[in-house]
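**Q** File follows, protein-v2.pdb with PDB, C-alpha atoms:
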```
MODEL        1
ATOM      1  CA  MET A  19     -91.815 -30.121 -58.277  1.00  0.00           C
ATOM      2  CA  ALA A  20     -89.279 -30.689 -55.583  1.00  0.00           C
ATOM      3  CA  VAL A  21     -85.666 -30.859 -56.587  1.00  0.00           C
ATOM      4  CA  SER A  22     -83.663 -33.315 -54.515  1.00  0.00           C
ATOM      5  CA  VAL A  23     -80.316 -32.125 -53.312  1.00  0.00           C
ATOM      6  CA  ALA A  24     -77.636 -34.757 -53.449  1.00  0.00           C
ATOM      7  CA  LYS A  25     -75.804 -35.126 -50.177  1.00  0.00           C
ATOM      8  CA  LYS A  26     -72.071 -35.359 -50.325  1.00  0.00           C
ATOM      9  CA  LYS A  27     -70.649 -38.356 -48.575  1.00  0.00           C
ATOM     10  CA  ARG A  28     -67.838 -37.585 -46.202  1.00  0.00           C
ATOM     11  CA  ARG A  29     -64.985 -39.975 -46.332  1.00  0.00           C
ATOM     12  CA  TYR A  30     -63.084 -40.698 -43.180  1.00  0.00           C
ATOM     13  CA  SER A  31     -59.403 -40.023 -43.689  1.00  0.00           C
ATOM     14  CA  ARG A  32     -56.935 -41.639 -41.391  1.00  0.00           C
ATOM     15  CA  PRO A  33     -53.871 -39.592 -40.439  1.00  0.00           C
ATOM     16  CA  LYS A  34     -50.961 -40.608 -42.636  1.00  0.00           C
ATOM     17  CA  ARG A  35     -48.077 -42.474 -41.089  1.00  0.00           C
ATOM     18  CA  VAL A  36     -44.747 -41.133 -42.231  1.00  0.00           C
ATOM     19  CA  LEU A  37     -41.617 -43.170 -41.864  1.00  0.00           C
ATOM     20  CA  ASP A  38     -38.360 -41.463 -40.941  1.00  0.00           C
ATOM     21  CA  PRO A  39     -36.497 -40.818 -44.224  1.00  0.00           C
ATOM     22  CA  ASN A  40     -33.117 -41.548 -42.596  1.00  0.00           C
ATOM     23  CA  ILE A  41     -34.036 -45.096 -41.591  1.00  0.00           C
ATOM     24  CA  ARG A  42     -31.966 -47.841 -43.217  1.00  0.00           C
ATOM     25  CA  PHE A  43     -33.086 -51.456 -43.376  1.00  0.00           C
ATOM     26  CA  ASP A  44     -30.547 -54.166 -42.671  1.00  0.00           C
ATOM     27  CA  TYR A  45     -31.338 -57.868 -42.873  1.00  0.00           C
ATOM     28  CA  LYS A  46     -29.528 -58.455 -39.564  1.00  0.00           C
ATOM     29  CA  ASP A  47     -31.834 -56.079 -37.666  1.00  0.00           C
ATOM     30  CA  THR A  48     -34.780 -58.445 -37.257  1.00  0.00           C
ATOM     31  CA  GLN A  49     -36.432 -56.399 -34.494  1.00  0.00           C
ATOM     32  CA  LEU A  50     -36.899 -53.505 -36.921  1.00  0.00           C
ATOM     33  CA  LEU A  51     -38.009 -55.774 -39.763  1.00  0.00           C
ATOM     34  CA  ARG A  52     -40.656 -57.470 -37.599  1.00  0.00           C
ATOM     35  CA  ARG A  53     -42.443 -54.117 -37.294  1.00  0.00           C
ATOM     36  CA  PHE A  54     -43.116 -54.278 -41.033  1.00  0.00           C
ATOM     37  CA  VAL A  55     -44.191 -57.919 -41.234  1.00  0.00           C
ATOM     38  CA  THR A  56     -47.647 -59.146 -40.167  1.00  0.00           C
ATOM     39  CA  GLU A  57     -48.190 -62.034 -37.770  1.00  0.00           C
ATOM     40  CA  HIS A  58     -48.925 -64.186 -40.839  1.00  0.00           C
ATOM     41  CA  GLY A  59     -45.513 -63.381 -42.317  1.00  0.00           C
ATOM     42  CA  LYS A  60     -46.613 -60.920 -45.008  1.00  0.00           C
ATOM     43  CA  ILE A  61     -44.753 -57.689 -45.692  1.00  0.00           C
ATOM     44  CA  VAL A  62     -46.904 -54.658 -44.841  1.00  0.00           C
ATOM     45  CA  PRO A  63     -47.778 -52.496 -47.883  1.00  0.00           C
ATOM     46  CA  ARG A  64     -46.358 -49.004 -48.083  1.00  0.00           C
ATOM     47  CA  ARG A  65     -49.745 -47.276 -47.888  1.00  0.00           C
ATOM     48  CA  ILE A  66     -50.047 -48.713 -44.370  1.00  0.00           C
ATOM     49  CA  SER A  67     -46.410 -48.572 -43.263  1.00  0.00           C
ATOM     50  CA  GLY A  68     -45.899 -45.013 -44.517  1.00  0.00           C
ATOM     51  CA  SER A  69     -42.654 -45.770 -46.288  1.00  0.00           C
ATOM     52  CA  SER A  70     -41.546 -44.250 -49.568  1.00  0.00           C
ATOM     53  CA  SER A  71     -41.193 -46.415 -52.656  1.00  0.00           C
ATOM     54  CA  GLN A  72     -37.415 -46.567 -52.261  1.00  0.00           C
ATOM     55  CA  GLN A  73     -37.724 -47.528 -48.587  1.00  0.00           C
ATOM     56  CA  GLN A  74     -40.312 -50.191 -49.454  1.00  0.00           C
ATOM     57  CA  ARG A  75     -37.919 -51.722 -51.990  1.00  0.00           C
ATOM     58  CA  GLU A  76     -35.112 -51.765 -49.409  1.00  0.00           C
ATOM     59  CA  LEU A  77     -37.464 -53.250 -46.823  1.00  0.00           C
ATOM     60  CA  THR A  78     -38.580 -56.016 -49.175  1.00  0.00           C
ATOM     61  CA  ILE A  79     -35.015 -56.945 -50.057  1.00  0.00           C
ATOM     62  CA  ALA A  80     -33.962 -56.929 -46.376  1.00  0.00           C
ATOM     63  CA  VAL A  81     -36.899 -59.134 -45.322  1.00  0.00           C
ATOM     64  CA  LYS A  82     -36.235 -61.598 -48.137  1.00  0.00           C
ATOM     65  CA  ARG A  83     -32.528 -61.775 -47.219  1.00  0.00           C
ATOM     66  CA  ALA A  84     -33.375 -62.324 -43.549  1.00  0.00           C
ATOM     67  CA  ARG A  85     -35.752 -65.136 -44.525  1.00  0.00           C
ATOM     68  CA  THR A  86     -33.102 -66.743 -46.731  1.00  0.00           C
ATOM     69  CA  MET A  87     -30.551 -66.575 -43.923  1.00  0.00           C
ATOM     70  CA  ALA A  88     -33.166 -68.096 -41.551  1.00  0.00           C
ATOM     71  CA  LEU A  89     -33.137 -65.043 -39.282  1.00  0.00           C
ATOM     72  CA  MET A  90     -36.876 -64.645 -39.865  1.00  0.00           C
ATOM     73  CA  GLY A  91     -39.560 -67.159 -40.666  1.00  0.00           C
ATOM     74  CA  HIS A  92     -41.462 -67.412 -43.934  1.00  0.00           C
ATOM     75  CA  GLY A  93     -44.851 -68.046 -42.368  1.00  0.00           C
ATOM     76  CA  PRO A  94     -46.770 -67.392 -39.180  1.00  0.00           C
ATOM     77  CA  THR A  95     -45.002 -67.833 -35.884  1.00  0.00           C
ATOM     78  CA  MET A  96     -46.394 -70.744 -33.949  1.00  0.00           C
ATOM     79  CA  ASP A  97     -46.183 -71.039 -30.195  1.00  0.00           C
ATOM     80  CA  TYR A  98     -46.507 -74.676 -29.215  1.00  0.00           C
ATOM     81  CA  ARG A  99     -45.899 -74.117 -25.519  1.00  0.00           C
ATOM     82  CA  SER A 100     -48.888 -75.028 -23.414  1.00  0.00           C
TER      83      SER A 100
ENDMDL
END
```
I need this file expressed as structure tokens, please.

**A**
Amino acid sequence: MAVSVAKKKRRYSRPKRVLDPNIRFDYKDTQLLRRFVTEHGKIVPRRISGSSSQQQRELTIAVKRARTMALMGHGPTMDYRS
């Protein structure tokens, strides 16, 4: 009788992105906020952005304030120039 040896699957692990802990999010700094918003207008999750839970909360509040003040759009950016 042959005993089969189970092969272990290797999982590919991507290097973790770490966000600078001293960074502060301000709703007026739209250039910084656009780095954390997709082209469809969604806020990037913290497992991808590398932010801590506190930073993610600050980011979410800043993006929502910028959207309310019409400094950023709610949806995808459309370019109608042709």

**Q** Assuming the chain letters and numbering stay as they are in my file, what does the PyMOL selection byres ((chain A and resi 40) around 12) actually select? List them as a list of chain:residue names.

**A** A:Val36, A:Leu37, A:Asp38, A:Pro39, A:Ile41, A:Arg42, A:Phe43, A:Ser69, A:Ser70, A:Gln72, A:Gln73

**Q** Given the file shown, determine the residues that the PyMOL selection byres ((chain A and resi 46) around 10) selects; report them as a PDB file with C-alpha atoms, in the coordinates of the input.

**A**
```
ATOM      1  CA  PHE A  43     -33.086 -51.456 -43.376  1.00  0.00           C
ATOM      2  CA  ASP A  44     -30.547 -54.166 -42.671  1.00  0.00           C
ATOM      3  CA  TYR A  45     -31.338 -57.868 -42.873  1.00  0.00           C
ATOM      4  CA  ASP A  47     -31.834 -56.079 -37.666  1.00  0.00           C
ATOM      5  CA  THR A  48     -34.780 -58.445 -37.257  1.00  0.00           C
ATOM      6  CA  GLN A  49     -36.432 -56.399 -34.494  1.00  0.00           C
ATOM      7  CA  LEU A  50     -36.899 -53.505 -36.921  1.00  0.00           C
ATOM      8  CA  LEU A  51     -38.009 -55.774 -39.763  1.00  0.00           C
ATOM      9  CA  ALA A  80     -33.962 -56.929 -46.376  1.00  0.00           C
ATOM     10  CA  VAL A  81     -36.899 -59.134 -45.322  1.00  0.00           C
ATOM     11  CA  ARG A  83     -32.528 -61.775 -47.219  1.00  0.00           C
ATOM     12  CA  ALA A  84     -33.375 -62.324 -43.549  1.00  0.00           C
ATOM     13  CA  MET A  87     -30.551 -66.575 -43.923  1.00  0.00           C
ATOM     14  CA  LEU A  89     -33.137 -65.043 -39.282  1.00  0.00           C
ATOM     15  CA  MET A  90     -36.876 -64.645 -39.865  1.00  0.00           C
TER      16      MET A  90
END
```

**Q** Nearest to Gly68 (chain A) among A:Thr56, A:Arg35, A:Arg29, A:Ala88, with distances taken over all atoms listed in the file: which residue is it?

**A**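 Residue with the minimum atom-to-atom distance to Gly68 (chain A): A:Arg35.
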
**Q** Pick out the residues sitting within 6 Å of region 59-67 of chain A, and hand them over as a VMD selection string; count all atoms listed in the file, and ignore anything fewer than 4 positions along from it in its own chain.

**A** chain A and resid 54 to 55 92 to 94

**Q** Can you tell me how far CA of Ser71 (chain A) sits from CA of Ser31 (chain A), in Å to one decimal?

**A**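 Going from CA of Ser71 (chain A) over to CA of Ser31 (chain A) covers 21.3 Å.
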
**Q** Give me, please, the distance in Å between CA of Lys34 (chain A) and CA of Arg85 (chain A), quoted to one decimal.

**A** 28.9 Å

**Q** Just checking: using only C-alpha atoms, which residue out of A:Thr86, A:Pro33, A:Lys25, A:Leu77 ends up closest to Arg52 (chain A)?

**A**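 The shortest atom-to-atom distance to Arg52 (chain A) comes from A:Leu77.
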